[in-house]
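These notes are about the structure you will find just below.
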Amino acid sequence: MKIWNESIATLSSCLGILAALGTSACSGGEHDDKVGESGTGPLYLLATNFSAGDQNETYLVTSKTFDADTKIDPTNGPKLLGGIVPTVHGGAAFVPDANGPILLRYQPGAKDRLEPVGELSFAGVGMTEIMSWHVWVQSETKGYVFDPAGLRIVIWDPSQMELTGKQIDLSELDVAGWLPNLVFEHSGPVKRGEQLLVPVGWVDQDTNSRYASGVITLDTKTDEVVDVAQDERCGEAYANVIAPNGDAYFFPPDWSAMPHFFADMHRPTCVLRIKDGETKFDSSFDLNLSVLGSGSAAAGAVPDGKTGFFFTTVDEELWDGGANKSGAVWRFWHYDFVSEKSRPIESMPAWAGQPYYVNVGGARFIPYWSETNTGFETTLYAVDGGDDPRPLFSFEANWFGAGKLRD
């Protein structure tokens, strides 16, 4: 564990930005005027990303607003190497270090600029790297980090940035020839009291999908595995949506659904269900997501916050027989659990991949990023029930996460 003195952390942060930007980013100026004094009012985090050749950089940018009038400088924040997705909890952002199995804790400092306040190394328990999507914060004093190489979860204390000495054995996920992936991204786990249901997928050494769904149920009070569910009817489980009756639906991602449909005899994309209060997949049920959309490969999903969800399906005309398979070929659709009807979202642009969303203070936003002549542009779409998502604000960078740091 390492906790830094606040003044040293502030100076280091400023020096890092000065070196990266070649400007007086830490002095008073336009950004400082917009952000205002620290410690008062709402505060949001946007992780922006830039790629130049093999170099990938992520900036942790703060904003006092998250609405139609929001404007940000996408490089005005601490710079991290790599494509980093922050985990936001309790007013702090937790991010992996690209240089080793280290988690860094950032908190708002002077002028509400994020500053590093602590770090925790997992090298002592034999880990060599940490992926952003393998980090989960359960509470102020308990966090989980998935170690795929060790088939385990290492438990840590986010408040003290210390290892607790406890681990959860995940050897039940071992399938010969396949590497499991525990999805700790916010769109994956389902909280049910003391239980946490986490989606699992498997890939081989060439990242080919096993096309099998898994969900592991953890008791977060005792830190024990309650159950492991597996099902080979659909593609790998990745995202979840909770129906109005409490049932949990698990959706495959685009990188599983597309080859499953087009390379595996056009098998439709399907969605599995675990009923409320249960931990096994419902063997008598699967939802044909393809037929609810264009009839082609489908992926999901984005909860609409009410009685349905948004998902994407491949537009066969844009697909062009596979000639444009890496391009924007996915169209948005909406399905409602109550009416059991789906409809296309004509106002949304064609998508190039997985339909991600961010949960910012309880509200959901869909980030759409597109390539421009100068790099990337991201537009945040606000989700408000089953109505068409509406564009909110944009910035000139790729998107790697967002969250609310302070109410």
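Chains: A, B, ... in order of the structure tokens. Residues: from 1 per chain. Ligands: from 1, in order shown.
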message: Taking 3 positions as the minimum chain separation for residues in the same chain, which residues sit within 8 Å of stretch 70-77 of chain A when counting only C-alpha atoms? Answer as a PyMOL selection string.
response: chain A and resi 17+25+31+48+59-63+65-67+113-114+393-397
message: What's around stretch 299-310 of chain A at 7 Å? Count only C-alpha atoms, leave out sequence neighbours fewer than 6 positions away in its own chain, and write the answer as a ChimeraX atom specification.
response: /A:239-241,243-244,251-254,257,332-338,354-355,357,383-386
Shell around stretch 123-128 of chain A at 10 Å using only C-alpha atoms, local window under 6 positions removed, as a VMD selection string: chain A and resid 99 to 102 146 to 150 154 163 165 167
query: Hey, what's within 6 Å of stretch 226-234 of chain A if we count only C-alpha atoms and toss same-chain stuff fewer than 3 positions away? As number ranges by chain, please?
result: A: 212-218, 270, 280
query: Taking into account only C-alpha atoms, which residue in the set A:Pro189, A:Gly177, A:Pro389, A:Pro158 is nearest to A:Asp206?
result: A:Gly177
Nearest to A:Gln205, chosen from A:Ala176, A:Met161, A:Val329, A:Val88, with only C-alpha atoms counted in the distances: A:Ala176
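Every protein, DNA or RNA residue with an atom at most 10 Å from A:Ile168, where only C-alpha atoms count and chain neighbours fewer than 6 positions away do not, is listed here: Tyr144, Phe146, Leu151, Arg152, Ile153, Val154, Ile155, Leu218, Thr222, Asp223, Glu224 and Val225 of chain A.
Residues of stretch 223-382 of chain A carrying a DSSP assignment of helix (DSSP H, G or I), computed from the backbone, are A:Asp254, A:Trp255, A:Ser256, A:Ala257, A:Met258, A:Pro259, A:His260, A:Phe261, A:Phe262, A:Leu289, A:Ser290, A:Val291, A:Leu292, A:Glu316, A:Glu317, A:Leu318, A:Trp319, A:Asp320, A:Gly321, A:Gly322.
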task: Determine the nearest neighbour of A:Ser342 from the options A:Gly321, A:Gly362, A:Gly327, A:Gly293, counting only C-alpha atoms.
output: A:Gly293
- request: Considering only C-alpha atoms, return as a VMD selection string whatever protein or nucleic-acid residues lie within 9 Å of A:Met258, sequence-local ones (same chain, fewer than 3 positions apart) excluded.
  value: chain A and resid 253 to 255 261 to 263 269 296 to 299 314 325
Residue set, stretch 103-238 of chain A restricted to strand (DSSP E or B), as a PyMOL selection string: chain A and resi 103-108+114-121+135-139+142-147+152-157+162-169+175+178-182+190-192+195-203+209+213-219+224-231
query: Which is closest to A:Thr40 among A:Thr164, A:Lys111, A:Val175, A:Asn324, if we use only C-alpha atoms?
result: A:Lys111
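Remark: for A:Arg267, the closest of the candidate residues A:Ile242, A:Ala248, A:Val198, A:Leu289 is A:Leu289 (distances computed over only C-alpha atoms).
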task: Quick one: everything within 7 Å of A:Gly403, counting only C-alpha atoms, minus sequence neighbours fewer than 6 positions away in the same chain. Send it as a ChimeraX atom specification.
output: /A:44-46,88,359-361
Keeping N, CA and C atoms for every residue in the selection just given, could you write it to a file as an mmCIF file, in the first residue's frame?
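File produced: selection-v5.cif:
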```cif
data_model
loop_
_atom_site.group_PDB
_atom_site.id
_atom_site.type_symbol
_atom_site.label_atom_id
_atom_site.label_comp_id
_atom_site.auth_asym_id
_atom_site.auth_seq_id
_atom_site.Cartn_x
_atom_site.Cartn_y
_atom_site.Cartn_z
ATOM 1 N N TYR A 44 -18.676 14.964 -12.136
ATOM 2 C CA TYR A 44 -18.726 13.806 -13.020
ATOM 3 C C TYR A 44 -17.336 13.487 -13.574
ATOM 4 N N LEU A 45 -17.154 12.231 -13.943
ATOM 5 C CA LEU A 45 -15.906 11.778 -14.551
ATOM 6 C C LEU A 45 -16.184 11.279 -15.955
ATOM 7 N N LEU A 46 -15.339 11.713 -16.888
ATOM 8 C CA LEU A 46 -15.352 11.191 -18.254
ATOM 9 C C LEU A 46 -13.957 10.714 -18.591
ATOM 10 N N VAL A 88 -15.861 3.608 -10.796
ATOM 11 C CA VAL A 88 -16.217 4.734 -9.935
ATOM 12 C C VAL A 88 -17.064 4.241 -8.769
ATOM 13 N N ASN A 359 -23.650 4.094 -16.594
ATOM 14 C CA ASN A 359 -24.593 4.451 -15.543
ATOM 15 C C ASN A 359 -23.987 5.617 -14.773
ATOM 16 N N VAL A 360 -24.571 6.785 -14.930
ATOM 17 C CA VAL A 360 -24.035 8.005 -14.326
ATOM 18 C C VAL A 360 -25.050 8.536 -13.319
ATOM 19 N N GLY A 361 -24.808 8.251 -12.054
ATOM 20 C CA GLY A 361 -25.712 8.704 -11.010
ATOM 21 C C GLY A 361 -27.111 8.125 -11.120
#
```
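Separating atom CA of A:Gly188 from atom CA of A:Asn288 is a distance of 19.7 Å.
Closest approach to A:Leu170 among A:Ala363, A:Leu182, A:Ala68, A:Leu104 is made by A:Leu182 (distances from only C-alpha atoms).
Between atom CA of A:Val271 and atom CA of A:Leu287 the separation is 4.9 Å.
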